[in-house]
4 protein chains.
Amino acid sequence: MLFERIESKGLAHYSYLIGDGREAIVIDPRRDCDVYVRRAALEGMRIVAVLETHRNEDYVVGSVELATQSGAEVFHADAHLSYGYGQPVREGQSWRVGGLRVEAIPSPGHTPGSMSYLLHDPQGHPWAVCTGDALFAGEVGRVDFMGPEHLGEMAALLYETLFGRLLPLGDEVIVCPAHGSGSVCGTAIADRPWTTIGLERRYNRRLQHSEREAFVADVGRALPIAPYFARMEALNVEGAPVLGVLPTPPPCTPAAFEALAAEGATILDARDELSFAAAHVPGALAIPEVNLPRFAGWFVPPDRPVLLVTDTDDTSQAVRYLVRLGFDQFAGALAGGMLSWHASGRASARLKVLPAAEFCEQVRRGAALWVLDIRTEGEIGQVPPVPGSHLIPLHELPDRIGEVPTDRPVAVVCGSGLRATTVGSMLLRAGCRDVAAVLGGIAACATILGRRP
Amino acid sequence: MLFERIESKGLAHYSYLIGDGREAIVIDPRRDCDVYVRRAALEGMRIVAVLETHRNEDYVVGSVELATQSGAEVFHADAHLSYGYGQPVREGQSWRVGGLRVEAIPSPGHTPGSMSYLLHDPQGHPWAVCTGDALFAGEVGRVDFMGPEHLGEMAALLYETLFGRLLPLGDEVIVCPAHGSGSVCGTAIADRPWTTIGLERRYNRRLQHSEREAFVADVGRALPIAPYFARMEALNVEGAPVLGVLPTPPPCTPAAFEALAAEGATILDARDELSFAAAHVPGALAIPEVNLPRFAGWFVPPDRPVLLVTDTDDTSQAVRYLVRLGFDQFAGALAGGMLSWHASGRASARLKVLPAAEFCEQVRRGAALWVLDIRTEGEIGQVPPVPGSHLIPLHELPDRIGEVPTDRPVAVVCGSGLRATTVGSMLLRAGCRDVAAVLGGIAACATILGRRP
Amino acid sequence: MLFERIESKGLAHYSYLIGDGREAIVIDPRRDCDVYVRRAALEGMRIVAVLETHRNEDYVVGSVELATQSGAEVFHADAHLSYGYGQPVREGQSWRVGGLRVEAIPSPGHTPGSMSYLLHDPQGHPWAVCTGDALFAGEVGRVDFMGPEHLGEMAALLYETLFGRLLPLGDEVIVCPAHGSGSVCGTAIADRPWTTIGLERRYNRRLQHSEREAFVADVGRALPIAPYFARMEALNVEGAPVLGVLPTPPPCTPAAFEALAAEGATILDARDELSFAAAHVPGALAIPEVNLPRFAGWFVPPDRPVLLVTDTDDTSQAVRYLVRLGFDQFAGALAGGMLSWHASGRASARLKVLPAAEFCEQVRRGAALWVLDIRTEGEIGQVPPVPGSHLIPLHELPDRIGEVPTDRPVAVVCGSGLRATTVGSMLLRAGCRDVAAVLGGIAACATILGRRP
Amino acid sequence: MLFERIESKGLAHYSYLIGDGREAIVIDPRRDCDVYVRRAALEGMRIVAVLETHRNEDYVVGSVELATQSGAEVFHADAHLSYGYGQPVREGQSWRVGGLRVEAIPSPGHTPGSMSYLLHDPQGHPWAVCTGDALFAGEVGRVDFMGPEHLGEMAALLYETLFGRLLPLGDEVIVCPAHGSGSVCGTAIADRPWTTIGLERRYNRRLQHSEREAFVADVGRALPIAPYFARMEALNVEGAPVLGVLPTPPPCTPAAFEALAAEGATILDARDELSFAAAHVPGALAIPEVNLPRFAGWFVPPDRPVLLVTDTDDTSQAVRYLVRLGFDQFAGALAGGMLSWHASGRASARLKVLPAAEFCEQVRRGAALWVLDIRTEGEIGQVPPVPGSHLIPLHELPDRIGEVPTDRPVAVVCGSGLRATTVGSMLLRAGCRDVAAVLGGIAACATILGRRP
């Protein structure tokens, strides 16, 4: 039996390649689907079906790409939607994969037509269940995507799914969710790589509410909904364009890069936070590569080509991250990076950085800093902000950027310093003249302030 | 959290690299330990400890090699033995690995001092247990290594371990055994990649005997004990020689190869069964590469250097397989393979092959074939032999080879044709003049004979 | 400066990736062009142009594929042809690539409009010349592709090219031809990895004829022209279909494989000669993988999909080899190889093999063998055939297969045993009942017969 | 024939793996010698000999390491030295490698006992010569290593080698030197990847002096001799310690890192110049990874363990670079990089950066900058310094660091900004309070100042 969980870092997205005999299926593939094609071929297995647990909203599902490359049939959950490809999962449908049987289990709540897929071994014993976004390690799915008016209804559906269908599968059944720790699809997914029905039943705090009302009250809350989710949803219903080979952004000289930027391409700087701080192409948006999966969808305009600045001339990882979010038009990449930019004599911009130690010292001394804490409500709850901080969650910043003063020193605080760099780049573009990202973020501040009462 | 199961194919051996924060441990490493060193370094984790679940008998444990390369401390189960390195696990010992806690749980039965290691997450919840050779998916550990006089005693210890310590951990706990399907350490390990206490409690047929007596009666049986197990055990107590870089067998011309063979090196042909059959260096022992982990220990003399014949000049996989079994002296490899052997004008030998279809036809017509079925007792039980077969299990063949006639056509049957090739090579060396390996093995025969009643 | 020679094994084809600053060009790319795209991107170089030395006949040039993936412009030699893409090289055209200058030098002879490309370094010194099929190490280009009536004319053109244009470039100039040793584009290309004008002027035996007449007499000869050359030429003028991702043949069960073969797909067995000999799917055409680049074009029907049998389930190398020759329709691959074929109970066929030592012994004893030597005229000239051999060059075999008796033992001799296997598979398909491939080939025979006078 | 040039980037060192039949030799291997072992094994070739062109001074030769791993014999040039391993090349010695012949040609001048190795093809034609440090593309070897009193004598020896032995080999012979463009072993090696005797005879400016006196006057000059050369020379005579597996620096938490630094380990920051500038561990020495091969030998103390700070947790490339220079004691690496450093609340230091555009503007306005130009005399000759610059070549800085004011703003100029970062880190450690590295270096300044006359 072949059972591989393929993790897409940053998205914290899990897809599953499951095979037996000469057949395999993929559950919730990502768009750069070479990994499934290659892996299955090396096992001598043909990918016969792609099963989706729900119409995804946080990334472009690779179903149409994988079907094109492998000949697999695509089966959609959320069968009420009018898909441009594939076919809906039928009530009670199951698939044979070699000696395995995969059974669709309706699991509404996260979306109206979510499906789980229960794996039965050749002896007929159910042993694992792919729960999509219904149930994670330590968390349950979001129920706020149908709008605030449906929160209660969706939460109640999820309650039925969890207590009526999934928990009864038995404590011993292994749970294979669509996301791990760090996903935007769950605020508190545990950093435990594998879980079981029993572990969730016992330790998942959402599942401690065995009363429907308490569960609905706890779970039926609205979280920030990224504006790009609508794009992902639309692409996943229509079917995203088939890429074939992943694109290679054309290497550009500084002059060519500048010209393309002048024509309206977005300068996206994917280098680490320190490199960006020391010098960057003026006007660049900073999203360190590791954060592209989480924030490119939020902040990169979808309707313009992208110009990349990366640490090395190998842009392939950044391209994968962006393609997964539907960005597939690349105007170019700055060949030779900032070294060649500077060698051409061009001016660069910088962003101040404040190691948390210095920042805390300035705060202690009462420096005239406008402190901007861009963490989420949940994070704020866990570690309180530095006194006097202005709280604007990152996702609200584009709309509330006018609240930030442009003529005073601003210090941006996040968890580690990475998101602060992204915010810093946005504030510089908005005309703020004195912006600093706090390195080490709130964790470091808490440590330091704890040290020095 | 880093949680990687590293599988060593063929041995069907599972080791585990588990890390959190900046620390990691490895449970039961293999001897070619580059995989752990590299993986941990890429995560920025230091390997601080190597934990053994028992003194292994079926491969050379990589503890001393990994300790040398990483600086980790080695902790031994079976603390009654006089190890040449490392230190014994103490009663009730536990280790902190970042936010995780790893707790040693005495699990005697397979060996007198076996240990399991229970993983607690940062919230203190036990969620996974590394059970070594005590509990597998669908099977329990062997209890026959202490000799037939201790069978009952060891089986009773295992009963206590399973029913007294492991099952009570809870159905929800994930079980991480030291072996998967195909290992010599369990006759019927299930081909299910992950399991849980609950899945085992419900479906493992050994665990259906909740009465001690019934369990002991079922489990307390002697299986074939490979003679090389004693070597592995000795090496694992003393500490195998540190290799550093894996050896590269020197490429040899046919003349050099012949000379080294004449000096006593073992000619080990690791090509596939068909290539060997068509032509091989006279006197070669055939063990197709995929079978090296299972049979090299049985049939390759430990006290002589090895001369390899492989499909390509890339011998690295064969070397890894052999090093794991303690073979680290390589006299050379036949450069250019059999193509260069034949180009030199040297004679080669062949082994007949009989596709099962032809074999069955000959059997049906009553051809004068001496049919040798070399499958294990367990396999024989599952699929009966062709009528008239002589049954000599592979592991008994070296001692019983005299039973095979040298002057009659012999057809060797196994499961697929691979082991039959190994036996064929041994019979040719023993002077049998007309030997054929049945391609497709008993499975094909059963299909065919079923078709033609 | 970036200067990479990319070798396509088997075709013995050399392409060149040449870059400076932020630009690069490729000369004569192969169809699976990922290597250029990736390599240039890692150097931060944009591929701006693809230069062809001539309309190629022995493989599908990758110009259109590479232009699609990189945005490069394509420049064609043989400008008299009506290409479906790209533009012709103009008289005296040159390109700037960073500080380099690349100058087109008309080099007719191999084709009417062949071009060489001379590289000048930033100081303006010519230092290397890409000679396409005009000049190789130790050999000159073929002049027989325009038909026998143009032999003299083309040879005279080549004389002018070599003595009038290339040799005068100076002894010190490095020669970068389009093929190395083993190509079908030159009978006697030397196995010297790099060469210079001076080395060729001194040692290339063709260039020892400094008189036009002697040169024309030596060079103006017709060689076998592979029938697939016409297809390659047509594809290279029209532009081959753009592939994007290389195809992955769908893994097939034996039953599916059999069904596809019954529908007319070609069974192409790319395993080594010994595996094929021991057992193969009845009706298969044997071309060991290493020989696919040289012989697939000759013997694989272009108008049917291909069914692959390979040593492992990794078919990617075989696919690359076939794609380079225009085969891009794959019906499937036998998943699990012959092991799964046999396990299904299906019958297989075999081909006899005769190690040269046995073959020579049979010849010596006067056995009733019909010896078929399928080497080329040139090879026959170098090592004489075994007395009594029937000579049918491999490329003539499809037309002359009727000359081979079907009811007598036939032994096929080639250079090493590989081509003999291909011929053996063709003879089996043609109904020959007793065919053997001589292992070690004529080289081994010569050694043996030399030993025993 | 196998003929591979293996380039060690940064050192701009070329070694050669040359094989034919089943044998291969390596000329001037590097210390991390896995590349030769692996490559030769895949070709089925045994490395039989390691040939050195001279006792190397700029890196640790891999002869003893490669001999240990492959069983090859080591042959030393500079036979007058008392080597701790291997044997001297004898006068007129030659080696057979398959059909090739490799002939030692005494080539004194760079060292007293340098050797070149001339390759003859199977027909006996000389076609390539490995010239070590005697002759490069566009440059000749240094003659100043025996001390200033021997300059004329060594230059005269080199004259005899070049005009008496190498040039007479013929214009057509390919030249395979030990270094390419960028090496410290020649001030002006051309960026031309391959060269020939004829190209050098015509274009190498040193070889335009066909009179001995003029040649000696041009070539017989002293260049900076790195202090680490003496260590390399000593290691290459004694034989460097055998490493086996390349070391993996243990990942360290910030606290552990700090403790090791306090014990005296050198903090070596190999990140890019911008990351270092924005934030670094106080006291760190900055040598961006790409510059390690050129400058680690100069500035990293050889007698202390190294603590690495790198961009990612993959330290393997930095380790290779350092091992080649004899650094093989690693105390650790900062796990998680500066992100984890800051997260721990630790303070970091920064280095100012000045994009050339800003720097030039400040210079134009007459800002009170102490401009330090650390380029070599040769570079200064090519592009003049900014007026008013203080010239201290990088290699003299450790001795002359007292000349730099600690209480004034200092701007460091080099070619691109990389070396300026190294100098910046040294000045910070020396107590300078206001130091900036000029980004884009002198090239950018020249462009800018040229723009604004």
# chains A, B, ... in the order shown; residues from 1 in each chain; ligands from 1

$ interface_residues --of "chain B" --to "chain C" --cutoff "8 Å" --atoms "only C-alpha atoms" --output "ChimeraX atom specification"
/B:272,274-279,339-348,353,355-358,416-417,439-441,443-445,447-448

$ select_by_dssp --residues "range 246-391 of chain A" --states "helix (DSSP H, G or I)" --output "PyMOL selection string"
chain A and resi 254-262+273-278+289-299+316-323+337-343+356-364+377-382

$ atom_distance --atom1 "CA of Val37 in chain A" --atom2 "CA of Val306 in chain C"
19.1 Å

$ residues_around --residues "range 390-398 of chain B" --least-positions-apart "4" --cutoff "12 Å" --atoms "only C-alpha atoms" --output "PyMOL selection string"
chain B and resi 184+223-228+294-300+369-380+384-386+402-405+410-415+418-427+429-430

$ select_by_dssp --residues "range 218-365 of chain A" --states "strand (DSSP E)" --output "list in words"
Pro251, Cys252, Thr266, Ile267, Leu268, Asp269, Leu285, Ala286, Val306, Leu307, Leu308, Val309, Phe330, Ala331, Gly332, Ala333, Leu334, Lys352, Val353, Leu354 and Pro355 of chain A

$ write_last_selection --atoms "all heavy atoms" --output "compact mmCIF listing (two decimals), in the first residue's frame"
# COMPACT_ATOMS: atom_id res chain seq x y z
N PRO A 251 14.92 36.26 -16.52
CA PRO A 251 15.90 37.09 -15.82
C PRO A 251 16.00 38.46 -16.49
O PRO A 251 16.04 38.55 -17.71
CB PRO A 251 17.21 36.30 -15.99
CG PRO A 251 16.79 34.89 -16.25
CD PRO A 251 15.52 35.01 -17.03
N CYS A 252 16.04 39.50 -15.69
CA CYS A 252 16.05 40.88 -16.21
C CYS A 252 17.27 41.64 -15.71
O CYS A 252 17.66 41.52 -14.55
CB CYS A 252 14.83 41.65 -15.69
SG CYS A 252 13.27 41.04 -16.31
N THR A 266 3.97 44.33 -10.58
CA THR A 266 4.19 44.44 -9.14
C THR A 266 5.59 43.97 -8.79
O THR A 266 5.96 42.85 -9.13
CB THR A 266 3.19 43.54 -8.39
OG1 THR A 266 1.87 43.93 -8.76
CG2 THR A 266 3.37 43.64 -6.89
N ILE A 267 6.34 44.81 -8.09
CA ILE A 267 7.65 44.38 -7.60
C ILE A 267 7.44 43.64 -6.29
O ILE A 267 7.03 44.23 -5.29
CB ILE A 267 8.59 45.58 -7.36
CG1 ILE A 267 8.70 46.42 -8.63
CG2 ILE A 267 9.95 45.08 -6.90
CD1 ILE A 267 9.52 47.70 -8.42
N LEU A 268 7.73 42.34 -6.33
CA LEU A 268 7.52 41.50 -5.15
C LEU A 268 8.88 41.04 -4.66
O LEU A 268 9.57 40.30 -5.36
CB LEU A 268 6.62 40.31 -5.52
CG LEU A 268 6.37 39.28 -4.42
CD1 LEU A 268 5.77 39.92 -3.18
CD2 LEU A 268 5.45 38.18 -4.95
N ASP A 269 9.25 41.46 -3.48
CA ASP A 269 10.56 41.13 -2.94
C ASP A 269 10.40 39.98 -1.95
O ASP A 269 9.80 40.14 -0.89
CB ASP A 269 11.15 42.37 -2.25
CG ASP A 269 12.62 42.19 -1.90
OD1 ASP A 269 12.98 41.08 -1.46
OD2 ASP A 269 13.39 43.14 -2.08
N LEU A 285 7.06 45.52 -2.72
CA LEU A 285 6.29 44.90 -1.66
C LEU A 285 7.11 43.75 -1.09
O LEU A 285 7.57 42.89 -1.84
CB LEU A 285 4.97 44.36 -2.23
CG LEU A 285 4.12 43.50 -1.30
CD1 LEU A 285 3.56 44.33 -0.15
CD2 LEU A 285 2.98 42.84 -2.09
N ALA A 286 7.31 43.74 0.22
CA ALA A 286 8.14 42.69 0.84
C ALA A 286 7.26 41.58 1.39
O ALA A 286 6.42 41.82 2.27
CB ALA A 286 8.96 43.30 1.98
N VAL A 306 3.91 39.81 -12.18
CA VAL A 306 4.78 39.91 -11.01
C VAL A 306 6.24 40.02 -11.45
O VAL A 306 6.67 39.33 -12.36
CB VAL A 306 4.59 38.68 -10.09
CG1 VAL A 306 5.65 38.64 -9.01
CG2 VAL A 306 3.20 38.67 -9.49
N LEU A 307 6.96 40.90 -10.79
CA LEU A 307 8.41 41.03 -10.94
C LEU A 307 9.05 40.58 -9.64
O LEU A 307 8.81 41.18 -8.60
CB LEU A 307 8.78 42.50 -11.17
CG LEU A 307 8.72 43.02 -12.60
CD1 LEU A 307 8.86 44.54 -12.59
CD2 LEU A 307 9.84 42.41 -13.44
N LEU A 308 9.88 39.56 -9.72
CA LEU A 308 10.42 38.98 -8.49
C LEU A 308 11.82 39.51 -8.16
O LEU A 308 12.65 39.67 -9.04
CB LEU A 308 10.52 37.46 -8.62
CG LEU A 308 9.25 36.65 -8.38
CD1 LEU A 308 9.51 35.19 -8.71
CD2 LEU A 308 8.80 36.79 -6.93
N VAL A 309 12.04 39.72 -6.87
CA VAL A 309 13.39 39.90 -6.35
C VAL A 309 13.62 38.79 -5.33
O VAL A 309 12.83 38.65 -4.39
CB VAL A 309 13.57 41.27 -5.65
CG1 VAL A 309 15.00 41.45 -5.16
CG2 VAL A 309 13.16 42.40 -6.58
N PHE A 330 4.39 36.07 -14.85
CA PHE A 330 5.61 36.64 -14.31
C PHE A 330 6.26 37.52 -15.36
O PHE A 330 6.60 37.05 -16.45
CB PHE A 330 6.58 35.54 -13.88
CG PHE A 330 6.04 34.73 -12.73
CD1 PHE A 330 5.29 33.58 -12.95
CD2 PHE A 330 6.23 35.15 -11.43
CE1 PHE A 330 4.76 32.85 -11.90
CE2 PHE A 330 5.71 34.42 -10.37
CZ PHE A 330 4.97 33.27 -10.61
N ALA A 331 6.42 38.79 -15.02
CA ALA A 331 7.09 39.68 -15.96
C ALA A 331 8.59 39.43 -15.98
O ALA A 331 9.24 39.58 -17.00
CB ALA A 331 6.80 41.13 -15.59
N GLY A 332 9.13 39.03 -14.86
CA GLY A 332 10.57 38.80 -14.82
C GLY A 332 11.08 38.65 -13.41
O GLY A 332 10.32 38.65 -12.44
N ALA A 333 12.39 38.47 -13.33
CA ALA A 333 13.08 38.39 -12.04
C ALA A 333 14.35 39.21 -12.16
O ALA A 333 14.97 39.25 -13.24
CB ALA A 333 13.41 36.94 -11.69
N LEU A 334 14.74 39.87 -11.09
CA LEU A 334 15.93 40.73 -11.12
C LEU A 334 17.18 39.84 -11.11
O LEU A 334 17.56 39.30 -10.07
CB LEU A 334 15.94 41.67 -9.91
CG LEU A 334 17.12 42.63 -9.83
CD1 LEU A 334 17.18 43.54 -11.05
CD2 LEU A 334 17.06 43.46 -8.55
N LYS A 352 13.97 50.63 8.26
CA LYS A 352 14.67 50.49 9.55
C LYS A 352 14.30 49.17 10.21
O LYS A 352 13.19 48.67 10.04
CB LYS A 352 14.26 51.61 10.50
CG LYS A 352 15.00 52.90 10.29
CD LYS A 352 14.75 53.81 11.50
CE LYS A 352 15.28 55.21 11.22
NZ LYS A 352 14.73 56.16 12.21
N VAL A 353 15.24 48.64 10.97
CA VAL A 353 14.91 47.50 11.83
C VAL A 353 15.30 47.85 13.26
O VAL A 353 16.28 48.56 13.50
CB VAL A 353 15.63 46.20 11.41
CG1 VAL A 353 15.02 45.65 10.13
CG2 VAL A 353 17.12 46.42 11.24
N LEU A 354 14.51 47.37 14.17
CA LEU A 354 14.80 47.55 15.59
C LEU A 354 14.82 46.19 16.27
O LEU A 354 13.77 45.57 16.44
CB LEU A 354 13.70 48.38 16.25
CG LEU A 354 13.80 49.89 16.22
CD1 LEU A 354 12.56 50.50 16.87
CD2 LEU A 354 15.07 50.36 16.94
N PRO A 355 15.97 45.70 16.61
CA PRO A 355 15.98 44.48 17.43
C PRO A 355 15.12 44.74 18.67
O PRO A 355 15.11 45.86 19.20
CB PRO A 355 17.45 44.30 17.80
CG PRO A 355 18.21 45.01 16.71
CD PRO A 355 17.33 46.17 16.31

$ atom_distance --atom1 "CA of Asp121 in chain D" --atom2 "CA of Asp28 in chain D"
20.7 Å

$ atom_distance --atom1 "CA of Tyr203 in chain C" --atom2 "CA of Val129 in chain D"
17.2 Å

$ closest_residue --among "A:Leu2, A:Leu11, A:Cys432, A:Val48" --to "Val290 in chain A" --atoms "only C-alpha atoms"
A:Leu11

$ closest_residue --among "D:Ile47, D:Val323, D:Ala270, D:Ala188" --to "Met232 in chain D" --atoms "only C-alpha atoms"
D:Val323
